[in-house]
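One file, input_34.csv, carrying CSV, C-alpha atoms:
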```csv
chain,number,residue,atom,x,y,z
A,14,MET,CA,9.5,-12.0,9.4
A,15,ARG,CA,7.2,-10.3,11.8
A,16,ARG,CA,3.5,-9.6,11.3
A,17,PHE,CA,0.8,-8.0,13.5
A,18,SER,CA,-2.9,-8.0,13.3
A,19,THR,CA,-4.7,-4.8,12.8
A,20,PHE,CA,-7.9,-6.3,14.1
A,21,SER,CA,-6.4,-6.3,17.6
A,22,ALA,CA,-5.3,-2.7,17.8
A,23,LEU,CA,-3.8,-0.3,15.2
A,24,VAL,CA,-4.1,3.2,16.5
A,25,MET,CA,-1.2,5.2,15.3
A,26,GLY,CA,-0.5,8.9,14.7
A,27,GLY,CA,2.3,11.4,14.3
A,28,LEU,CA,4.1,13.4,11.7
A,29,VAL,CA,6.9,12.4,9.4
A,30,VAL,CA,10.4,13.4,8.4
A,31,THR,CA,11.0,10.7,5.9
A,32,ALA,CA,10.3,10.7,2.2
A,33,CYS,CA,7.6,8.6,0.5
A,34,GLY,CA,9.8,7.5,-2.4
A,35,GLY,CA,13.5,8.1,-2.6
A,36,GLY,CA,14.0,8.6,1.1
A,37,GLY,CA,12.9,6.6,4.1
A,38,GLU,CA,14.0,5.3,7.4
A,39,ALA,CA,17.3,3.5,7.3
A,40,MET,CA,17.4,-0.3,7.4
A,41,ASP,CA,20.3,-2.6,7.9
A,42,GLU,CA,18.5,-5.8,6.9
A,43,GLY,CA,18.6,-7.2,3.4
A,44,THR,CA,15.7,-7.8,1.1
A,45,ALA,CA,13.6,-10.8,2.1
A,46,THR,CA,12.6,-13.3,-0.5
A,47,ALA,CA,9.0,-13.3,-1.6
A,48,SER,CA,6.6,-15.9,-0.3
A,49,ASP,CA,2.9,-16.5,-0.5
A,50,MET,CA,0.7,-15.7,2.4
A,51,ASP,CA,-1.1,-18.7,3.8
A,52,VAL,CA,-4.7,-17.4,4.1
A,53,ALA,CA,-7.2,-19.8,5.5
A,54,ALA,CA,-10.8,-19.2,6.2
A,55,GLY,CA,-11.3,-17.3,9.4
A,56,ASP,CA,-7.6,-16.2,9.7
A,57,ALA,CA,-7.0,-12.6,10.7
A,58,LEU,CA,-5.2,-10.7,8.0
A,59,GLU,CA,-2.1,-9.0,9.3
A,60,CYS,CA,0.2,-6.2,8.3
A,61,TYR,CA,3.9,-7.1,7.7
A,62,LEU,CA,6.7,-5.7,9.7
A,63,ALA,CA,10.2,-6.0,8.3
A,64,ARG,CA,11.7,-5.2,11.7
A,65,GLY,CA,10.7,-4.1,15.2
A,66,THR,CA,7.5,-4.4,17.2
A,67,MET,CA,4.1,-2.9,17.0
A,68,ALA,CA,5.0,-0.4,19.7
A,69,GLU,CA,8.1,0.6,17.7
A,70,ALA,CA,6.0,0.9,14.5
A,71,GLN,CA,3.7,3.3,16.4
A,72,GLU,CA,6.7,5.5,17.2
A,73,ARG,CA,8.0,5.8,13.6
A,74,PRO,CA,8.0,9.2,12.0
A,75,SER,CA,5.7,7.6,9.4
A,76,PRO,CA,3.5,5.3,11.5
A,77,LEU,CA,2.0,2.1,10.0
A,78,GLN,CA,-1.7,2.4,9.1
A,79,SER,CA,-4.2,0.0,7.6
A,80,THR,CA,-7.5,0.0,5.8
A,81,SER,CA,-10.0,-2.9,5.8
A,82,LEU,CA,-11.3,-4.1,2.5
A,83,ALA,CA,-14.2,-6.2,1.4
A,84,VAL,CA,-14.0,-8.2,-1.8
A,85,GLY,CA,-16.6,-10.8,-2.9
A,86,GLY,CA,-17.5,-11.6,0.7
A,87,ASN,CA,-13.9,-12.1,1.7
A,88,ASP,CA,-11.8,-9.8,3.9
A,89,GLY,CA,-8.9,-7.8,2.7
A,90,LEU,CA,-6.4,-5.5,4.3
A,91,LEU,CA,-4.2,-2.7,2.9
A,92,CYS,CA,-1.2,-1.6,5.0
A,93,TYR,CA,1.1,1.4,4.5
A,94,GLY,CA,3.4,3.8,6.2
A,95,ALA,CA,1.8,7.2,6.5
A,96,PRO,CA,4.1,10.2,5.8
A,97,SER,CA,3.0,13.8,6.3
A,98,ALA,CA,3.9,16.8,4.1
A,99,ARG,CA,5.3,19.1,6.9
A,100,GLY,CA,5.5,22.0,4.5
A,101,ARG,CA,7.2,20.1,1.7
A,102,GLU,CA,6.1,20.0,-1.9
A,103,ILE,CA,4.8,16.4,-2.4
A,104,MET,CA,3.6,15.7,-6.0
A,105,GLY,CA,6.5,16.4,-8.4
A,106,GLY,CA,8.8,17.0,-5.4
A,107,LEU,CA,9.0,14.4,-2.7
A,108,VAL,CA,7.0,12.0,-4.9
A,109,VAL,CA,9.0,12.2,-8.1
A,110,HIS,CA,7.2,12.0,-11.4
A,111,GLY,CA,8.4,9.3,-13.8
A,112,GLN,CA,10.1,7.0,-11.3
A,113,PRO,CA,8.8,4.1,-9.2
A,114,GLU,CA,7.5,5.2,-5.8
A,115,ARG,CA,6.2,3.0,-2.9
A,116,ILE,CA,3.5,5.6,-2.2
A,117,GLY,CA,4.0,5.1,1.5
A,118,ALA,CA,6.9,4.8,3.8
A,119,ASN,CA,9.1,2.1,5.5
A,120,GLU,CA,7.8,-1.4,4.3
A,121,PRO,CA,6.1,-1.5,0.9
A,122,THR,CA,2.5,-0.7,0.7
A,123,THR,CA,0.8,-4.1,0.7
A,124,ILE,CA,-2.6,-5.7,0.0
A,125,HIS,CA,-3.5,-8.9,1.8
A,126,LEU,CA,-6.5,-10.8,0.4
A,127,ALA,CA,-8.4,-13.8,1.7
A,128,GLY,CA,-9.9,-14.6,-1.7
A,129,ALA,CA,-9.2,-14.1,-5.4
A,130,ALA,CA,-9.6,-10.5,-6.6
A,131,SER,CA,-9.0,-8.1,-9.4
A,132,ILE,CA,-6.7,-5.2,-8.4
A,133,GLY,CA,-7.3,-2.4,-11.0
A,134,GLY,CA,-8.0,-5.2,-13.5
A,135,VAL,CA,-5.0,-7.3,-12.5
A,136,GLU,CA,-6.3,-10.8,-11.6
A,137,VAL,CA,-4.6,-12.3,-8.4
A,138,GLY,CA,-5.3,-15.2,-6.2
A,139,PRO,CA,-5.6,-15.2,-2.4
A,140,GLY,CA,-2.4,-14.0,-0.8
A,141,SER,CA,-0.3,-10.9,-0.3
A,142,TYR,CA,1.0,-8.4,-2.8
A,143,SER,CA,3.0,-5.1,-2.7
A,144,ILE,CA,1.8,-2.2,-4.8
A,145,TYR,CA,3.8,0.8,-6.1
A,146,ALA,CA,3.4,3.4,-8.8
A,147,ILE,CA,5.1,5.6,-11.3
A,148,PRO,CA,3.3,8.9,-10.7
A,149,GLY,CA,2.8,11.5,-13.4
A,150,PRO,CA,1.0,14.9,-13.5
A,151,ASP,CA,-2.0,13.4,-15.3
A,152,GLU,CA,-2.0,9.7,-14.7
A,153,TRP,CA,-0.3,7.1,-12.5
A,154,VAL,CA,0.8,3.6,-13.6
A,155,PHE,CA,0.4,1.1,-10.7
A,156,PHE,CA,2.2,-2.2,-10.4
A,157,VAL,CA,1.1,-5.3,-8.5
A,158,ASN,CA,4.0,-7.4,-7.2
A,159,SER,CA,4.4,-10.7,-5.5
A,160,ASN,CA,7.5,-9.6,-3.6
A,161,TRP,CA,6.1,-8.0,-0.4
A,162,GLU,CA,8.2,-9.3,2.5
A,163,ARG,CA,10.9,-6.7,2.2
A,164,TRP,CA,11.8,-3.1,2.8
A,165,GLY,CA,10.0,-0.6,0.6
A,166,ILE,CA,13.0,0.7,-1.3
A,167,PRO,CA,14.8,0.4,-3.5
A,168,ILE,CA,12.3,-0.6,-6.2
A,169,ASP,CA,15.1,-2.1,-8.4
A,170,GLU,CA,15.2,-4.7,-11.1
A,171,ASN,CA,15.2,-7.5,-8.6
A,172,VAL,CA,11.9,-6.2,-7.1
A,173,ARG,CA,10.4,-5.4,-10.5
A,174,SER,CA,11.1,-8.9,-11.8
A,175,SER,CA,8.3,-10.1,-9.6
A,176,GLU,CA,5.6,-7.8,-11.1
A,177,VAL,CA,2.4,-9.7,-11.9
A,178,GLY,CA,0.5,-6.9,-13.6
A,179,THR,CA,0.0,-3.2,-14.1
A,180,PHE,CA,-2.8,-0.7,-14.6
A,181,THR,CA,-3.1,3.1,-15.3
A,182,VAL,CA,-5.5,5.5,-13.5
A,183,PRO,CA,-6.1,9.2,-13.9
A,184,VAL,CA,-5.1,11.9,-11.4
A,185,GLU,CA,-7.9,13.9,-9.7
A,186,ALA,CA,-7.2,17.4,-8.3
A,187,MET,CA,-8.7,18.2,-4.9
A,188,ASP,CA,-9.6,21.6,-3.4
A,189,GLU,CA,-9.0,20.4,0.1
A,190,TYR,CA,-5.5,19.8,1.4
A,191,VAL,CA,-4.5,16.4,2.8
A,192,GLU,CA,-1.5,16.7,5.2
A,193,THR,CA,-0.9,13.0,5.8
A,194,LEU,CA,-1.0,10.3,3.1
A,195,GLN,CA,-4.2,8.3,3.5
A,196,TYR,CA,-5.7,5.3,1.8
A,197,ARG,CA,-9.4,4.5,2.2
A,198,PHE,CA,-11.9,2.0,0.8
A,199,GLU,CA,-15.2,3.1,-0.7
A,200,PRO,CA,-17.4,0.0,-0.8
A,201,MET,CA,-20.1,-0.6,-3.3
A,202,SER,CA,-22.4,-3.4,-4.4
A,203,GLU,CA,-23.3,-4.6,-0.9
A,204,ASN,CA,-19.7,-4.5,0.2
A,205,THR,CA,-18.5,-7.1,-2.4
A,206,MET,CA,-16.3,-4.6,-4.2
A,207,GLY,CA,-15.2,-1.0,-4.1
A,208,ASP,CA,-12.6,1.6,-4.8
A,209,VAL,CA,-9.2,2.0,-3.1
A,210,VAL,CA,-8.7,5.8,-2.8
A,211,LEU,CA,-5.3,7.4,-2.2
A,212,GLU,CA,-5.2,11.0,-1.2
A,213,TRP,CA,-2.2,13.3,-0.4
A,214,GLU,CA,-1.6,17.0,-0.7
A,215,ASN,CA,-4.1,18.1,-3.4
A,216,THR,CA,-4.0,14.8,-5.4
A,217,ARG,CA,-6.4,11.9,-5.4
A,218,VAL,CA,-6.0,8.6,-7.4
A,219,LYS,CA,-8.2,5.5,-7.1
A,220,PHE,CA,-8.4,2.0,-8.4
A,221,HIS,CA,-11.2,-0.6,-8.4
A,222,LEU,CA,-11.0,-3.8,-6.4
A,223,HIS,CA,-13.6,-6.5,-7.2
A,224,PRO,CA,-13.9,-10.3,-7.0
A,225,GLY,CA,-11.5,-12.3,-9.1
A,226,ALA,CA,-12.5,-14.6,-11.9
A,227,THR,CA,-12.1,-17.6,-9.7
A,228,GLY,CA,-13.5,-15.8,-6.5
```

Please rewrite the model in this file as C-alpha coordinates.
Amino acid sequence: MRRFSTFSALVMGGLVVTACGGGGEAMDEGTATASDMDVAAGDALECYLARGTMAEAQERPSPLQSTSLAVGGNDGLLCYGAPSARGREIMGGLVVHGQPERIGANEPTTIHLAGAASIGGVEVGPGSYSIYAIPGPDEWVFFVNSNWERWGIPIDENVRSSEVGTFTVPVEAMDEYVETLQYRFEPMSENTMGDVVLEWENTRVKFHLHPGATG
(Lines of atoms letter the chains of each structure in order from A and count residues from 1; the text may use other names and numbers.)
(Lines give C-alpha, C1' and ligand atoms only; values in the text may rest on other atoms or scores of the structure.)
Protein backbone atom coordinates (compact mmCIF):
# COMPACT_ATOMS: atom_id res chain seq x y z
CA MET A 1 0.00 0.00 0.00
CA ARG A 2 1.16 3.49 -0.83
CA ARG A 3 -0.23 6.78 0.46
CA PHE A 4 0.81 10.36 -0.05
CA SER A 5 -0.11 13.51 1.78
CA THR A 6 -2.03 16.18 -0.04
CA PHE A 7 -0.89 18.71 2.57
CA SER A 8 2.62 18.60 1.12
CA ALA A 9 1.79 19.12 -2.55
CA LEU A 10 -1.10 18.01 -4.73
CA VAL A 11 -1.10 20.11 -7.85
CA MET A 12 -2.38 18.04 -10.74
CA GLY A 13 -4.01 18.68 -14.08
CA GLY A 14 -4.67 17.16 -17.45
CA LEU A 15 -7.41 15.63 -19.55
CA VAL A 16 -8.67 12.08 -19.51
CA VAL A 17 -9.18 9.22 -21.87
CA THR A 18 -10.50 6.74 -19.30
CA ALA A 19 -14.06 6.14 -18.18
CA CYS A 20 -15.46 7.03 -14.79
CA GLY A 21 -17.33 3.80 -14.30
CA GLY A 22 -16.99 0.79 -16.54
CA GLY A 23 -13.65 1.82 -18.01
CA GLY A 24 -10.41 2.89 -16.42
CA GLU A 25 -6.68 2.49 -16.48
CA ALA A 26 -5.54 -1.12 -16.53
CA MET A 27 -4.19 -2.63 -13.34
CA ASP A 28 -2.45 -5.95 -12.84
CA GLU A 29 -2.62 -5.97 -9.05
CA GLY A 30 -5.36 -7.81 -7.18
CA THR A 31 -7.85 -6.24 -4.84
CA ALA A 32 -6.36 -5.36 -1.47
CA THR A 33 -8.15 -6.36 1.69
CA ALA A 34 -9.86 -3.62 3.65
CA SER A 35 -8.23 -2.23 6.76
CA ASP A 36 -8.92 0.63 9.10
CA MET A 37 -6.88 3.80 8.84
CA ASP A 38 -4.98 4.61 12.01
CA VAL A 39 -5.84 8.27 12.49
CA ALA A 40 -4.18 9.89 15.48
CA ALA A 41 -4.51 13.47 16.57
CA GLY A 42 -2.23 15.67 14.51
CA ASP A 43 -1.64 13.06 11.79
CA ALA A 44 -1.79 14.32 8.22
CA LEU A 45 -4.56 12.63 6.28
CA GLU A 46 -3.31 11.07 3.06
CA CYS A 47 -4.72 9.94 -0.25
CA TYR A 48 -4.31 6.27 -1.10
CA LEU A 49 -2.36 5.06 -4.13
CA ALA A 50 -2.83 1.44 -5.20
CA ARG A 51 0.31 1.65 -7.28
CA GLY A 52 2.96 4.04 -8.52
CA THR A 53 4.30 7.26 -7.11
CA MET A 54 2.92 10.75 -6.71
CA ALA A 55 4.79 11.85 -9.84
CA GLU A 56 3.22 9.00 -11.79
CA ALA A 57 -0.22 9.86 -10.39
CA GLN A 58 0.24 13.39 -11.74
CA GLU A 59 0.82 12.00 -15.22
CA ARG A 60 -2.28 9.82 -15.28
CA PRO A 61 -4.97 10.67 -17.85
CA SER A 62 -7.29 11.18 -14.84
CA PRO A 63 -5.00 12.78 -12.25
CA LEU A 64 -5.54 12.30 -8.53
CA GLN A 65 -7.20 15.28 -6.85
CA SER A 66 -8.26 16.01 -3.28
CA THR A 67 -10.63 18.23 -1.34
CA SER A 68 -10.10 19.19 2.31
CA LEU A 69 -13.04 18.73 4.67
CA ALA A 70 -13.88 20.06 8.14
CA VAL A 71 -16.12 17.97 10.40
CA GLY A 72 -16.79 18.83 14.03
CA GLY A 73 -13.40 20.47 14.47
CA ASN A 74 -11.60 17.50 12.88
CA ASP A 75 -9.85 17.34 9.53
CA GLY A 76 -11.08 15.27 6.62
CA LEU A 77 -9.89 14.60 3.10
CA LEU A 78 -11.73 13.43 -0.01
CA CYS A 79 -9.59 11.88 -2.78
CA TYR A 80 -10.62 11.04 -6.34
CA GLY A 81 -9.36 10.56 -9.87
CA ALA A 82 -10.60 13.43 -12.03
CA PRO A 83 -11.69 12.41 -15.55
CA SER A 84 -12.73 14.92 -18.21
CA ALA A 85 -15.53 14.73 -20.76
CA ARG A 86 -13.49 15.29 -23.95
CA GLY A 87 -16.62 15.59 -26.05
CA ARG A 88 -18.26 12.45 -24.68
CA GLU A 89 -21.76 12.12 -23.25
CA ILE A 90 -21.28 11.71 -19.50
CA MET A 91 -24.53 11.22 -17.60
CA GLY A 92 -26.42 8.29 -19.03
CA GLY A 93 -23.46 7.56 -21.29
CA LEU A 94 -20.04 7.21 -19.71
CA VAL A 95 -21.71 7.24 -16.29
CA VAL A 96 -24.29 4.50 -16.75
CA HIS A 97 -27.64 4.95 -15.05
CA GLY A 98 -28.69 2.08 -12.83
CA GLN A 99 -25.32 0.47 -12.16
CA PRO A 100 -22.64 1.07 -9.49
CA GLU A 101 -20.13 3.74 -10.52
CA ARG A 102 -17.01 4.85 -8.65
CA ILE A 103 -17.73 8.47 -9.70
CA GLY A 104 -14.07 9.10 -10.29
CA ALA A 105 -11.21 7.19 -11.90
CA ASN A 106 -8.42 4.79 -10.98
CA GLU A 107 -8.53 4.10 -7.20
CA PRO A 108 -11.94 4.38 -5.53
CA THR A 109 -13.18 7.76 -4.42
CA THR A 110 -12.31 7.84 -0.71
CA ILE A 111 -13.10 9.89 2.38
CA HIS A 112 -10.53 9.98 5.21
CA LEU A 113 -11.79 11.26 8.57
CA ALA A 114 -9.91 12.16 11.75
CA GLY A 115 -13.11 12.01 13.81
CA ALA A 116 -16.55 10.41 13.86
CA ALA A 117 -18.90 11.78 11.22
CA SER A 118 -22.19 11.33 9.45
CA ILE A 119 -21.82 10.92 5.68
CA GLY A 120 -25.21 11.64 4.15
CA GLY A 121 -26.79 10.31 7.34
CA VAL A 122 -24.57 7.21 7.55
CA GLU A 123 -22.78 7.22 10.91
CA VAL A 124 -19.09 6.25 10.73
CA GLY A 125 -16.14 6.34 13.10
CA PRO A 126 -12.72 7.85 12.45
CA GLY A 127 -11.05 6.13 9.53
CA SER A 128 -11.19 5.75 5.77
CA TYR A 129 -14.08 4.79 3.52
CA SER A 130 -14.74 4.44 -0.18
CA ILE A 131 -17.88 5.93 -1.70
CA TYR A 132 -19.62 5.06 -4.92
CA ALA A 133 -23.09 5.58 -6.36
CA ILE A 134 -25.83 4.16 -8.54
CA PRO A 135 -26.74 7.23 -10.63
CA GLY A 136 -30.16 7.87 -12.10
CA PRO A 137 -31.70 10.74 -14.06
CA ASP A 138 -33.52 12.13 -11.01
CA GLU A 139 -31.66 10.77 -7.97
CA TRP A 140 -28.43 9.02 -7.01
CA VAL A 141 -28.06 6.30 -4.41
CA PHE A 142 -24.70 6.59 -2.63
CA PHE A 143 -22.93 3.80 -0.75
CA VAL A 144 -20.35 4.13 2.03
CA ASN A 145 -17.95 1.19 2.14
CA SER A 146 -15.15 0.11 4.46
CA ASN A 147 -13.19 -1.50 1.59
CA TRP A 148 -11.02 1.35 0.28
CA GLU A 149 -7.48 -0.02 -0.23
CA ARG A 150 -8.18 -1.41 -3.69
CA TRP A 151 -8.61 -0.46 -7.34
CA GLY A 152 -11.85 1.38 -8.10
CA ILE A 153 -13.42 -1.32 -10.27
CA PRO A 154 -15.04 -3.74 -10.41
CA ILE A 155 -17.65 -2.87 -7.82
CA ASP A 156 -18.62 -6.52 -7.44
CA GLU A 157 -20.29 -8.56 -4.73
CA ASN A 158 -17.00 -8.88 -2.87
CA VAL A 159 -16.70 -5.10 -2.64
CA ARG A 160 -20.38 -4.54 -1.92
CA SER A 161 -20.30 -6.99 0.98
CA SER A 162 -18.38 -4.28 2.90
CA GLU A 163 -21.06 -1.60 2.57
CA VAL A 164 -21.77 0.14 5.88
CA GLY A 165 -24.66 2.37 4.77
CA THR A 166 -26.47 4.07 1.93
CA PHE A 167 -28.33 7.31 1.24
CA THR A 168 -30.20 8.92 -1.65
CA VAL A 169 -29.83 12.47 -2.98
CA PRO A 170 -31.63 14.38 -5.75
CA VAL A 171 -30.00 15.43 -9.01
CA GLU A 172 -29.64 19.14 -9.78
CA ALA A 173 -29.33 20.41 -13.35
CA MET A 174 -26.78 23.17 -14.00
CA ASP A 175 -26.71 25.78 -16.76
CA GLU A 176 -22.93 25.92 -16.75
CA TYR A 177 -20.90 23.05 -18.22
CA VAL A 178 -18.21 21.36 -16.09
CA GLU A 179 -15.60 19.66 -18.29
CA THR A 180 -13.66 17.86 -15.54
CA LEU A 181 -15.26 15.99 -12.66
CA GLN A 182 -14.86 17.96 -9.45
CA TYR A 183 -15.71 17.55 -5.80
CA ARG A 184 -15.74 20.56 -3.50
CA PHE A 185 -16.67 21.17 0.11
CA GLU A 186 -19.09 23.94 1.08
CA PRO A 187 -18.55 24.56 4.82
CA MET A 188 -21.25 25.84 7.13
CA SER A 189 -21.80 26.35 10.86
CA GLU A 190 -18.32 27.74 11.60
CA ASN A 191 -16.62 25.02 9.54
CA THR A 192 -17.91 22.19 11.74
CA MET A 193 -19.97 20.65 8.93
CA GLY A 194 -20.90 21.21 5.31
CA ASP A 195 -21.92 19.76 1.97
CA VAL A 196 -19.79 17.65 -0.36
CA VAL A 197 -20.69 18.79 -3.88
CA LEU A 198 -20.02 16.71 -7.01
CA GLU A 199 -20.26 18.44 -10.40
CA TRP A 200 -19.70 17.08 -13.90
CA GLU A 201 -21.14 17.94 -17.28
CA ASN A 202 -24.45 19.68 -16.42
CA THR A 203 -25.15 17.63 -13.29
CA ARG A 204 -24.71 18.45 -9.63
CA VAL A 205 -25.34 16.16 -6.65
CA LYS A 206 -24.42 16.86 -3.04
CA PHE A 207 -24.59 15.24 0.37
CA HIS A 208 -24.24 16.53 3.92
CA LEU A 209 -21.25 15.81 6.11
CA HIS A 210 -21.55 16.61 9.81
CA PRO A 211 -20.16 15.41 13.17
CA GLY A 212 -21.07 11.91 14.17
CA ALA A 213 -23.08 10.95 17.21
CA THR A 214 -19.89 10.08 19.06
CA GLY A 215 -17.84 12.96 17.61

Distance criterion (all atoms listed in the file): nearest to Val210 in chain A out of A:Leu126, A:Met104, A:Leu77, A:Leu82: A:Leu82

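Each of A:Pro167, A:Gly128, A:Pro113, A:Gly140 was checked against Gly86 in chain A using only C-alpha atoms; the smallest atom-to-atom distance is that of A:Gly128.
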
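Ranking A:Ala118, A:Ala63, A:Ala226, A:Ile124 by their shortest atom-to-atom distance to Ser159 in chain A, with only C-alpha atoms included, puts A:Ile124 first.
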
Best match for closeness to Pro121 in chain A among A:Asn160, A:Ser97, A:Thr80, A:Ser175, counting only C-alpha atoms: A:Asn160

Polymer residues at most 12 Å from Val108 in chain A, all atoms listed in the file, same-chain spacing of 4 or more positions, as a PyMOL selection string: chain A and resi 31-36+96+98+101-104+112-118+145-150+153+194+213-214+216

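CA of Lys219 in chain A to CA of Glu185 in chain A spans 8.8 Å [interatomic distance, one decimal].
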
Atom-to-atom span, CA of Tyr93 in chain A and CA of Ala129 in chain A, Å: 21.1 Å

Name the residues, using the chain letters and numbers of the file, that sit within 6 Å of (-1.9, -4.5, -0.3) when counting all atoms listed in the file, and give them as an mmCIF file with C-alpha atoms, in the coordinates of the input.
```
data_model
loop_
_atom_site.group_PDB
_atom_site.id
_atom_site.type_symbol
_atom_site.label_atom_id
_atom_site.label_comp_id
_atom_site.auth_asym_id
_atom_site.auth_seq_id
_atom_site.Cartn_x
_atom_site.Cartn_y
_atom_site.Cartn_z
ATOM 1 C CA LEU A 91 -4.200 -2.700 2.900
ATOM 2 C CA THR A 122 2.500 -0.700 0.700
ATOM 3 C CA THR A 123 0.800 -4.100 0.700
ATOM 4 C CA ILE A 124 -2.600 -5.700 0.000
ATOM 5 C CA HIS A 125 -3.500 -8.900 1.800
ATOM 6 C CA TYR A 142 1.000 -8.400 -2.800
ATOM 7 C CA SER A 143 3.000 -5.100 -2.700
#
```

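Residue nearest Val135 in chain A, chosen from A:Val172, A:Met187, A:Val177, A:Met206 and counting only C-alpha atoms: A:Val177.
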
CA of Glu162 in chain A to CA of Asp208 in chain A, straight-line distance in Å: 24.6 Å

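Comparing A:Asp151, A:Gly178, A:Ser131, A:Thr193 by their smallest distance to Gly105 in chain A, the closest is A:Asp151 (using only C-alpha atoms).
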